[in-house]
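Undergrad: mmCIF, C-alpha atoms and all ligand atoms, file start.cif:
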data_entry
loop_
_atom_site.label_atom_id
_atom_site.label_comp_id
_atom_site.auth_asym_id
_atom_site.auth_seq_id
_atom_site.Cartn_x
_atom_site.Cartn_y
_atom_site.Cartn_z
CA MET A 109 -79.25 -90.77 30.46
CA SER A 110 -81.84 -88.06 29.96
CA THR A 111 -84.96 -87.74 32.04
CA THR A 112 -86.97 -89.02 29.11
CA GLY A 113 -84.78 -92.14 28.95
CA ASP A 114 -84.63 -93.83 25.60
CA LEU A 115 -88.26 -93.28 24.84
CA ARG A 116 -88.62 -93.02 21.08
CA ARG A 117 -91.26 -90.73 19.57
CA ILE A 118 -92.14 -89.99 15.98
CA PHE A 119 -93.55 -86.52 15.25
CA LYS A 120 -95.35 -86.17 11.93
CA ALA A 121 -95.79 -82.63 10.56
CA CYS A 122 -94.44 -80.31 7.91
CA VAL A 123 -90.81 -80.07 9.05
CA ILE A 124 -88.55 -77.21 8.00
CA ASN A 125 -84.84 -77.82 8.36
CA PRO A 126 -82.33 -74.97 7.88
CA ILE A 127 -79.04 -76.09 6.34
CA ALA A 128 -77.38 -72.81 5.35
CA ALA A 129 -78.34 -69.15 4.84
CA ASP A 130 -79.39 -70.00 1.29
CA ARG A 131 -80.73 -73.47 1.88
CA VAL A 132 -83.69 -74.61 3.95
CA ASP A 133 -85.10 -78.10 3.35
CA ARG A 134 -88.81 -78.73 3.63
CA TYR A 135 -90.33 -82.13 4.46
CA ASP A 136 -94.09 -82.22 3.91
CA PRO A 137 -94.91 -84.46 5.51
CA GLY A 138 -91.78 -85.09 7.50
CA TYR A 139 -91.18 -87.60 10.25
CA LEU A 140 -88.98 -86.40 13.09
CA VAL A 141 -87.75 -89.32 15.18
CA VAL A 142 -86.76 -88.24 18.70
CA THR A 143 -85.07 -90.69 21.02
CA GLY A 144 -84.77 -89.47 24.58
CA SER A 145 -83.36 -85.96 24.35
CA ARG A 146 -81.89 -86.32 20.85
CA ILE A 147 -82.87 -86.18 17.21
CA GLU A 148 -82.50 -89.67 15.81
CA ARG A 149 -83.45 -88.85 12.26
CA LEU A 150 -85.62 -86.77 9.97
CA SER A 151 -87.14 -88.51 6.96
CA ARG A 152 -89.74 -88.18 4.25
CA ASP A 153 -90.62 -91.87 4.55
CA ASP A 154 -92.82 -93.14 7.34
CA PRO A 155 -90.39 -94.76 9.81
CA ARG A 156 -93.06 -96.61 11.80
CA PRO A 157 -92.34 -100.02 10.24
CA ALA A 158 -88.74 -99.73 11.50
CA PHE A 159 -89.83 -98.55 14.95
CA PRO A 160 -93.09 -100.36 15.74
CA SER A 161 -92.95 -99.59 19.46
CA ALA A 162 -92.28 -95.85 19.09
CA GLY A 163 -94.87 -93.30 20.20
CA PHE A 164 -96.54 -91.60 17.25
CA ILE A 165 -97.67 -87.98 17.36
CA ASP A 166 -99.52 -86.78 14.27
CA LEU A 167 -99.44 -82.98 14.30
CA GLY A 168 -101.68 -82.66 11.25
CA ASN A 169 -101.23 -79.34 9.44
CA LYS A 170 -98.80 -77.94 11.96
CA THR A 171 -95.18 -77.11 11.20
CA ILE A 172 -92.03 -78.05 13.12
CA VAL A 173 -89.00 -75.75 13.06
CA PRO A 174 -85.84 -75.83 15.20
CA GLY A 175 -86.00 -74.02 18.53
CA PHE A 176 -85.29 -70.31 18.17
CA VAL A 177 -82.03 -68.80 19.40
CA ASP A 178 -82.51 -65.21 20.60
CA THR A 179 -78.99 -63.78 20.78
CA HIS A 180 -79.82 -60.41 22.37
CA ILE A 181 -82.36 -59.75 25.10
CA HIS A 182 -82.56 -57.79 28.38
CA LEU A 183 -84.32 -59.61 31.21
CA PRO A 184 -84.75 -56.56 33.49
CA GLN A 185 -86.55 -54.70 30.69
CA PHE A 186 -89.25 -57.37 30.39
CA ARG A 187 -91.78 -55.34 32.36
CA ILE A 188 -91.28 -52.23 30.20
CA MET A 189 -91.70 -54.05 26.90
CA GLY A 190 -93.64 -51.77 24.56
CA VAL A 191 -93.33 -48.84 26.97
CA GLY A 192 -91.65 -45.58 26.07
CA SER A 193 -90.27 -44.09 22.93
CA GLY A 194 -87.60 -41.71 21.70
CA ASP A 195 -84.05 -42.49 20.75
CA LEU A 196 -81.62 -44.75 22.55
CA LEU A 197 -79.96 -42.46 25.08
CA SER A 198 -83.13 -40.73 26.30
CA TRP A 199 -84.99 -44.06 26.36
CA LEU A 200 -82.28 -45.56 28.57
CA ASN A 201 -82.39 -42.69 31.04
CA THR A 202 -86.16 -42.26 31.15
CA TYR A 203 -87.47 -45.82 31.11
CA THR A 204 -84.74 -48.44 31.29
CA TYR A 205 -82.44 -47.43 34.10
CA PRO A 206 -85.20 -46.77 36.69
CA GLU A 207 -86.68 -50.24 35.96
CA GLU A 208 -83.29 -51.97 36.11
CA ALA A 209 -82.61 -50.37 39.50
CA ARG A 210 -85.62 -52.27 40.90
CA PHE A 211 -83.64 -55.51 40.51
CA ALA A 212 -81.72 -54.64 43.67
CA ASN A 213 -84.75 -56.21 45.34
CA PRO A 214 -84.32 -60.01 45.15
CA GLU A 215 -88.02 -60.69 45.56
CA TYR A 216 -88.85 -58.54 42.56
CA ALA A 217 -85.92 -59.97 40.59
CA ALA A 218 -87.01 -63.58 41.21
CA LYS A 219 -90.60 -62.88 40.26
CA VAL A 220 -89.75 -61.12 37.00
CA ALA A 221 -87.10 -63.73 36.08
CA ALA A 222 -89.65 -66.55 36.38
CA GLU A 223 -92.19 -64.64 34.28
CA PHE A 224 -89.50 -63.75 31.75
CA PHE A 225 -88.32 -67.31 31.06
CA ASP A 226 -91.93 -68.54 30.88
CA ALA A 227 -92.61 -65.88 28.25
CA VAL A 228 -89.38 -66.52 26.36
CA ALA A 229 -90.15 -70.24 26.07
CA ALA A 230 -93.79 -69.58 25.16
CA ASN A 231 -92.50 -67.63 22.16
CA GLY A 232 -90.51 -70.61 20.91
CA THR A 233 -87.11 -69.46 22.10
CA THR A 234 -85.20 -72.48 23.40
CA THR A 235 -81.84 -70.69 23.74
CA ALA A 236 -81.61 -67.10 24.99
CA VAL A 237 -78.60 -64.81 25.36
CA VAL A 238 -79.53 -62.53 28.19
CA TYR A 239 -78.41 -59.29 29.81
CA SER A 240 -79.27 -59.17 33.50
CA SER A 241 -79.02 -56.00 35.62
CA ILE A 242 -75.83 -54.98 37.46
CA HIS A 243 -76.98 -56.97 40.50
CA GLU A 244 -75.18 -60.18 41.40
CA GLU A 245 -78.09 -61.65 43.33
CA ALA A 246 -80.63 -60.83 40.62
CA THR A 247 -78.35 -62.50 38.07
CA ASP A 248 -78.01 -65.56 40.27
CA LEU A 249 -81.82 -65.69 40.48
CA ALA A 250 -82.05 -65.35 36.71
CA PHE A 251 -79.90 -68.46 36.31
CA SER A 252 -82.10 -70.31 38.79
CA ALA A 253 -85.20 -69.32 36.84
CA ALA A 254 -83.67 -70.51 33.55
CA ARG A 255 -82.75 -73.79 35.23
CA THR A 256 -86.29 -74.25 36.55
CA LYS A 257 -87.75 -73.55 33.12
CA GLY A 258 -85.30 -75.94 31.49
CA ILE A 259 -84.27 -73.73 28.58
CA ARG A 260 -80.73 -72.96 27.45
CA ALA A 261 -79.45 -69.59 28.54
CA PHE A 262 -76.31 -67.50 28.36
CA ILE A 263 -76.70 -64.86 31.07
CA GLY A 264 -74.45 -62.03 32.16
CA LYS A 265 -74.51 -59.48 34.92
CA VAL A 266 -74.34 -56.10 33.23
CA MET A 267 -71.13 -54.20 34.05
CA MET A 268 -71.33 -50.38 34.42
CA ASP A 269 -68.60 -48.41 36.15
CA ARG A 270 -69.17 -44.90 34.78
CA ASN A 271 -71.69 -42.52 33.18
CA SER A 272 -74.58 -44.33 34.83
CA PRO A 273 -77.16 -43.31 37.44
CA GLU A 274 -76.05 -43.70 41.04
CA ALA A 275 -78.24 -46.77 41.63
CA LEU A 276 -76.63 -48.59 38.71
CA LEU A 277 -73.03 -47.62 39.18
CA GLU A 278 -70.43 -49.99 40.50
CA ASP A 279 -66.78 -49.99 41.33
CA THR A 280 -64.57 -51.53 38.62
CA GLN A 281 -63.01 -54.13 40.90
CA ALA A 282 -66.38 -55.08 42.41
CA SER A 283 -67.89 -55.45 38.96
CA ILE A 284 -65.15 -57.88 37.94
CA ALA A 285 -65.32 -59.83 41.21
CA ARG A 286 -69.11 -60.25 41.03
CA SER A 287 -68.95 -61.35 37.41
CA LEU A 288 -66.22 -63.87 38.13
CA ARG A 289 -68.17 -65.38 41.03
CA LEU A 290 -71.20 -65.87 38.77
CA PHE A 291 -68.97 -67.29 36.03
CA GLU A 292 -67.48 -69.83 38.43
CA LYS A 293 -70.87 -70.82 39.77
CA TRP A 294 -72.89 -71.07 36.58
CA ASP A 295 -70.74 -71.42 33.46
CA GLY A 296 -71.42 -74.92 32.12
CA ALA A 297 -74.09 -75.77 34.70
CA GLU A 298 -77.00 -78.10 33.92
CA GLY A 299 -74.96 -80.24 31.56
CA GLY A 300 -73.82 -77.12 29.66
CA ARG A 301 -77.33 -75.73 29.19
CA LEU A 302 -76.37 -72.67 31.24
CA ARG A 303 -73.38 -70.50 30.35
CA TYR A 304 -72.02 -67.29 31.77
CA ILE A 305 -71.41 -64.40 29.39
CA PHE A 306 -69.40 -61.34 30.48
CA THR A 307 -71.51 -58.28 29.80
CA PRO A 308 -69.89 -54.84 29.77
CA ARG A 309 -73.02 -52.89 28.81
CA PHE A 310 -71.45 -50.65 26.16
CA ALA A 311 -68.36 -48.48 25.90
CA GLY A 312 -70.32 -45.44 27.12
CA SER A 313 -70.90 -46.97 30.55
CA CYS A 314 -67.58 -48.80 30.94
CA SER A 315 -64.07 -47.60 31.73
CA THR A 316 -61.10 -48.67 29.63
CA GLU A 317 -59.79 -50.59 32.62
CA LEU A 318 -63.03 -52.56 33.01
CA MET A 319 -63.11 -53.52 29.34
CA LYS A 320 -59.44 -54.50 29.37
CA ARG A 321 -60.02 -56.75 32.36
CA VAL A 322 -62.95 -58.37 30.56
CA GLY A 323 -60.83 -58.81 27.43
CA LYS A 324 -58.14 -60.57 29.42
CA ILE A 325 -60.63 -62.85 31.15
CA ALA A 326 -62.23 -63.67 27.79
CA ARG A 327 -58.89 -64.74 26.38
CA ASP A 328 -57.52 -66.49 29.48
CA ARG A 329 -60.69 -68.45 30.13
CA ASN A 330 -62.16 -68.73 26.66
CA ALA A 331 -65.24 -66.98 28.04
CA PHE A 332 -68.20 -65.50 26.18
CA VAL A 333 -68.61 -61.73 25.99
CA GLN A 334 -71.49 -59.57 24.81
CA SER A 335 -71.96 -55.86 24.35
CA HIS A 336 -73.56 -53.20 22.16
CA LEU A 337 -71.81 -51.60 19.21
CA SER A 338 -72.78 -48.64 17.08
CA GLU A 339 -76.53 -48.60 17.60
CA ASN A 340 -77.47 -44.95 17.28
CA ILE A 341 -75.71 -41.90 15.78
CA ASP A 342 -75.86 -39.80 18.98
CA GLU A 343 -74.50 -42.75 20.94
CA VAL A 344 -71.68 -43.26 18.42
CA ASN A 345 -70.68 -39.59 18.56
CA TRP A 346 -70.79 -39.50 22.36
CA VAL A 347 -68.74 -42.70 22.71
CA ARG A 348 -66.18 -41.41 20.19
CA ARG A 349 -65.75 -38.29 22.34
CA LEU A 350 -65.19 -40.46 25.43
CA PHE A 351 -62.35 -42.34 23.73
CA PRO A 352 -60.49 -39.74 21.60
CA GLU A 353 -57.46 -42.03 21.48
CA CYS A 354 -59.38 -44.73 19.57
CA ALA A 355 -59.89 -44.51 15.81
CA SER A 356 -63.45 -45.88 15.95
CA TYR A 357 -66.13 -47.35 18.21
CA THR A 358 -65.02 -50.85 17.18
CA ALA A 359 -61.40 -49.94 17.93
CA ILE A 360 -62.35 -49.29 21.58
CA TYR A 361 -63.42 -52.91 22.05
CA ASP A 362 -60.62 -54.19 19.86
CA SER A 363 -57.91 -52.44 21.87
CA ALA A 364 -59.48 -53.83 25.07
CA GLY A 365 -59.08 -57.35 23.65
CA MET A 366 -62.81 -58.08 23.79
CA LEU A 367 -63.28 -59.10 20.16
CA THR A 368 -63.06 -62.87 19.77
CA LYS A 369 -65.17 -65.55 18.12
CA ARG A 370 -66.95 -65.95 21.47
CA CYS A 371 -68.08 -62.33 21.38
CA ILE A 372 -71.57 -61.18 20.36
CA MET A 373 -71.96 -57.55 19.41
CA ALA A 374 -75.50 -56.24 19.08
CA HIS A 375 -76.68 -53.80 16.38
CA CYS A 376 -73.50 -52.90 14.42
CA ILE A 377 -75.38 -50.31 12.38
CA HIS A 378 -73.16 -47.29 11.71
CA LEU A 379 -69.87 -49.03 10.93
CA SER A 380 -67.10 -48.01 8.56
CA SER A 381 -65.50 -50.52 6.21
CA ASP A 382 -62.46 -50.63 8.50
CA GLU A 383 -64.64 -51.50 11.48
CA ILE A 384 -66.41 -54.24 9.55
CA ALA A 385 -63.02 -55.64 8.54
CA THR A 386 -61.89 -55.64 12.19
CA LEU A 387 -65.02 -57.53 13.29
CA SER A 388 -64.59 -60.01 10.48
CA ARG A 389 -60.91 -60.60 11.26
CA SER A 390 -61.81 -61.18 14.91
CA GLU A 391 -64.67 -63.56 13.95
CA VAL A 392 -67.08 -61.55 16.10
CA ASN A 393 -70.76 -62.53 15.91
CA VAL A 394 -73.36 -59.91 15.12
CA ALA A 395 -76.79 -59.88 16.77
CA PHE A 396 -79.11 -58.24 14.26
CA CYS A 397 -82.10 -56.64 16.05
CA PRO A 398 -84.26 -55.11 13.32
CA TYR A 399 -87.45 -54.63 15.36
CA SER A 400 -85.60 -52.70 18.06
CA ASN A 401 -83.69 -50.70 15.47
CA ARG A 402 -86.95 -49.66 13.82
CA THR A 403 -88.69 -48.86 17.10
CA LEU A 404 -85.86 -46.71 18.47
CA HIS A 405 -85.18 -45.14 15.04
CA SER A 406 -81.58 -46.32 15.31
CA GLY A 407 -81.01 -46.96 11.62
CA THR A 408 -80.72 -50.10 9.52
CA MET A 409 -77.85 -52.56 9.77
CA ARG A 410 -76.21 -53.14 6.40
CA TYR A 411 -76.96 -56.83 6.38
CA GLN A 412 -75.54 -57.73 2.99
CA LYS A 413 -72.32 -55.83 3.57
CA LEU A 414 -71.76 -57.59 6.88
CA ARG A 415 -72.70 -60.95 5.41
CA ASP A 416 -70.34 -60.38 2.45
CA ALA A 417 -67.56 -59.60 4.93
CA GLY A 418 -68.02 -63.13 6.27
CA LEU A 419 -69.58 -62.16 9.59
CA ASN A 420 -71.87 -64.65 11.32
CA ILE A 421 -75.23 -62.96 11.84
CA SER A 422 -78.02 -64.08 14.16
CA LEU A 423 -81.23 -62.48 15.41
CA GLY A 424 -82.01 -60.72 18.67
CA THR A 425 -85.31 -59.37 19.92
CA ASP A 426 -83.51 -56.78 22.09
CA VAL A 427 -86.45 -56.60 24.44
CA ALA A 428 -87.33 -53.97 25.52
CA GLY A 429 -85.75 -51.84 22.80
CA GLY A 430 -87.66 -54.29 20.63
CA PRO A 431 -91.32 -54.48 21.67
CA SER A 432 -91.79 -58.25 21.32
CA LEU A 433 -90.26 -61.51 22.54
CA ALA A 434 -91.54 -63.32 19.47
CA MET A 435 -88.76 -64.53 17.18
CA LEU A 436 -91.41 -65.15 14.51
CA GLU A 437 -92.07 -61.39 14.48
CA GLN A 438 -88.35 -60.71 14.53
CA MET A 439 -87.96 -62.88 11.42
CA GLN A 440 -90.66 -60.85 9.72
CA GLU A 441 -88.82 -57.64 10.60
CA ALA A 442 -85.56 -59.13 9.29
CA THR A 443 -87.09 -59.93 5.90
CA ALA A 444 -88.12 -56.28 5.53
CA ALA A 445 -85.01 -54.62 6.98
CA ALA A 446 -82.45 -56.82 5.20
CA ASN A 447 -84.48 -57.68 2.10
CA ILE A 448 -84.01 -61.42 2.65
CA SER A 449 -86.28 -64.42 2.25
CA TRP A 450 -88.26 -65.97 5.08
CA SER A 451 -85.99 -69.02 4.77
CA GLU A 452 -82.89 -66.94 5.36
CA ALA A 453 -84.55 -65.26 8.34
CA LEU A 454 -85.33 -68.71 9.75
CA TYR A 455 -81.68 -69.64 9.33
CA LEU A 456 -80.64 -66.51 11.27
CA ALA A 457 -83.13 -67.37 14.04
CA THR A 458 -81.87 -70.94 14.41
CA LEU A 459 -78.58 -72.21 12.97
CA GLY A 460 -77.07 -68.69 12.76
CA GLY A 461 -77.69 -68.27 16.48
CA ALA A 462 -76.31 -71.72 17.24
CA GLN A 463 -73.14 -70.80 15.34
CA ALA A 464 -72.72 -67.57 17.30
CA LEU A 465 -72.67 -69.64 20.48
CA GLY A 466 -70.41 -72.43 19.22
CA LEU A 467 -73.39 -74.79 19.46
CA SER A 468 -73.97 -75.65 15.80
CA ASP A 469 -72.98 -79.25 16.49
CA GLN A 470 -75.70 -79.49 19.17
CA ILE A 471 -78.66 -77.38 18.13
CA GLY A 472 -79.94 -75.23 15.24
CA ASN A 473 -81.39 -77.88 12.94
CA PHE A 474 -82.47 -81.53 12.78
CA GLU A 475 -79.21 -83.27 12.03
CA SER A 476 -79.06 -86.74 13.60
CA GLY A 477 -77.59 -86.71 17.10
CA LYS A 478 -78.42 -83.07 17.87
CA ASP A 479 -80.50 -82.12 20.88
CA ALA A 480 -84.22 -82.22 20.27
CA ASP A 481 -84.96 -78.49 20.60
CA PHE A 482 -87.92 -77.68 18.41
CA VAL A 483 -91.03 -75.59 18.06
CA VAL A 484 -94.42 -76.67 16.80
CA VAL A 485 -96.02 -73.78 14.92
CA ASP A 486 -99.75 -73.63 14.26
CA GLN A 487 -101.00 -71.01 11.81
CA SER A 488 -98.07 -68.65 12.40
CA SER A 489 -98.11 -68.90 16.18
CA VAL A 490 -96.14 -71.04 18.59
CA TRP A 491 -98.13 -74.04 19.79
CA GLU A 492 -95.64 -76.29 21.63
CA VAL A 493 -91.96 -75.97 22.53
CA TYR A 494 -89.48 -78.78 23.26
CA VAL A 495 -85.98 -78.48 24.71
CA GLY A 496 -83.90 -81.66 24.69
CA GLY A 497 -87.05 -83.61 23.85
CA ARG A 498 -88.89 -82.24 26.91
CA LEU A 499 -92.01 -80.11 26.57
CA VAL A 500 -91.35 -76.76 28.30
ZN ZN A 601 -79.63 -54.28 23.95
#
Turn the structure described in the file into structure tokens.
TA:
Amino acid sequence: MSTTGDLRRIFKACVINPIAADRVDRYDPGYLVVTGSRIERLSRDDPRPAFPSAGFIDLGNKTIVPGFVDTHIHLPQFRIMGVGSGDLLSWLNTYTYPEEARFANPEYAAKVAAEFFDAVAANGTTTAVVYSSIHEEATDLAFSAARTKGIRAFIGKVMMDRNSPEALLEDTQASIARSLRLFEKWDGAEGGRLRYIFTPRFAGSCSTELMKRVGKIARDRNAFVQSHLSENIDEVNWVRRLFPECASYTAIYDSAGMLTKRCIMAHCIHLSSDEIATLSRSEVNVAFCPYSNRTLHSGTMRYQKLRDAGLNISLGTDVAGGPSLAMLEQMQEATAAANISWSEALYLATLGGAQALGLSDQIGNFESGKDADFVVVDQSSVWEVYVGGRLV
């Protein structure tokens, strides 16, 4: 039984329910019946006669949408959001790595993690897929902060065993051992609200051995994996030089065994047709981060080509490459970068994200029986956020 018991509440508002990339249903007014932590039903007819003892919340002109799923975000970059400029590799070295090194201090890590999850939830994100720093303790504290906040989170300790500053460099074996300890401790915790996701940062900062070990763990344990792929031309050229034996950037991850349907690859901008075919065959999920891509001048992901190849696409804020935690802003960026409708962007921000995480039977829209994760929007800004029927 949930903490809210079987309390039944009826929320009246304009309710927008994504069904597919090309179909979003609008109920104006709609009545969202929430029983305990679950969606009981969504209707156009007033259900009060059937449920005379239910609580009734009239939200007036406000709009209800499903909770947002942010499939790519860096917790230790929260404090440098909107800071810095330049292209990817110089931005990493100048701004990102020095800030991430500060997470060796548990006090600092705990403080920022609490602020981060407060801010994530305040922006309507009810499920976040998060990169931590390389630090095991900071990652443990990030899980604790997500648990305290009550949101859903997939969190991974970043793995970096080469081409990284001294303070952020770890031994291959230690990186695997730390990640496995966190996986054992947190994967599936809080009734499945918390999941571990193995996080080799990107091929440039990982050895072949490290990525192969991750690939094996992913397959043996059906574990989630996330990384970056083909974000920026200089990065692509550098990574290609590091792995002359591989035919492409995608082939590096493919030969390591990392590409599965539980894998989320961020960016995927400068890909050949062969690489797109490999991702599609492997059922890899793509985190589309248009705001970050624009800010760092990385290029524009070929949305329609990837969609036509059958890839599942979701949205990521990529804070702090992206300068905002707001998925509403990210949706706006997606409409411009991919030339899609607002409805399709909403699908990417909700059900598309749920699908990337294998959670489309639990979250992503208002189908009966799903968890009551939703956002109340007032005049284009987030007003209230519920996870599992609980106000967060
Ligand atoms: Zn990123």
Undergrad: Report as CSV: every residue of chain A with an atom at most 10 Å from ligand ZN 601 (chain A), its closest pair of atoms, and their distance in Å to one decimal, counting all atoms listed in the file, with rows sorted by chain and ascending residue number.
TA:
residue,atom,partner,partner_atom,distance
A:His180,CA,A:ZN601,ZN,6.3
A:Ile181,CA,A:ZN601,ZN,6.2
A:His182,CA,A:ZN601,ZN,6.4
A:Gln185,CA,A:ZN601,ZN,9.7
A:Leu196,CA,A:ZN601,ZN,9.8
A:Val238,CA,A:ZN601,ZN,9.3
A:Tyr239,CA,A:ZN601,ZN,7.8
A:Arg309,CA,A:ZN601,ZN,8.3
A:Phe310,CA,A:ZN601,ZN,9.2
A:Gln334,CA,A:ZN601,ZN,9.7
A:Ser335,CA,A:ZN601,ZN,7.8
A:His336,CA,A:ZN601,ZN,6.4
A:Leu337,CA,A:ZN601,ZN,9.5
A:Glu339,CA,A:ZN601,ZN,9.1
A:Met373,CA,A:ZN601,ZN,9.5
A:Ala374,CA,A:ZN601,ZN,6.7
A:His375,CA,A:ZN601,ZN,8.1
A:Ala395,CA,A:ZN601,ZN,9.5
A:Cys397,CA,A:ZN601,ZN,8.6
A:Ser400,CA,A:ZN601,ZN,8.5
A:Gly424,CA,A:ZN601,ZN,8.7
A:Thr425,CA,A:ZN601,ZN,8.6
A:Asp426,CA,A:ZN601,ZN,5.0
A:Val427,CA,A:ZN601,ZN,7.2
A:Ala428,CA,A:ZN601,ZN,7.9
A:Gly429,CA,A:ZN601,ZN,6.7
A:Gly430,CA,A:ZN601,ZN,8.7
Undergrad: For the point (-76.6, -80.5, 12.7) in the file's frame, write as a PyMOL selection string all residues with an atom no more than 12 Å away, counting all atoms listed in the file.
TA: chain A and resi 125-128+146-150+174+458-460+462-463+467-481
Undergrad: Can you list, as a PDB file with C-alpha atoms, in the coordinates of the input, every protein, DNA or RNA residue that comes within 7 Å of segment 295-305 of chain A when you count all atoms listed in the file, leaving out same-chain residues fewer than 2 positions away?
TA:
ATOM      1  CA  ARG A 260     -80.730 -72.960  27.450  1.00  0.00           C
ATOM      2  CA  ALA A 261     -79.450 -69.590  28.540  1.00  0.00           C
ATOM      3  CA  PHE A 262     -76.310 -67.500  28.360  1.00  0.00           C
ATOM      4  CA  ILE A 263     -76.700 -64.860  31.070  1.00  0.00           C
ATOM      5  CA  GLY A 264     -74.450 -62.030  32.160  1.00  0.00           C
ATOM      6  CA  PHE A 291     -68.970 -67.290  36.030  1.00  0.00           C
ATOM      7  CA  GLU A 292     -67.480 -69.830  38.430  1.00  0.00           C
ATOM      8  CA  LYS A 293     -70.870 -70.820  39.770  1.00  0.00           C
ATOM      9  CA  THR A 307     -71.510 -58.280  29.800  1.00  0.00           C
ATOM     10  CA  ALA A 331     -65.240 -66.980  28.040  1.00  0.00           C
ATOM     11  CA  PHE A 332     -68.200 -65.500  26.180  1.00  0.00           C
ATOM     12  CA  VAL A 333     -68.610 -61.730  25.990  1.00  0.00           C
ATOM     13  CA  GLN A 334     -71.490 -59.570  24.810  1.00  0.00           C
TER      14      GLN A 334
END
Undergrad: Counting only C-alpha atoms, which of A:Ser449, A:Ser338, A:Thr247, A:Asn401 gets nearest to Ser193 of chain A?
TA: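 The shortest atom-to-atom distance to Ser193 of chain A comes from A:Asn401.
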Undergrad: Calculated over all atoms listed in the file, which of the candidates A:Thr171, A:Ser145, A:Ser252, A:Asn447 has the smallest distance to Ile124 of chain A?
TA: A:Thr171
Undergrad: Which of these, A:Asn231, A:Asn420, A:Gln281, A:Asn271, has the shortest distance to Trp346 of chain A once you count only C-alpha atoms?
TA: A:Asn271
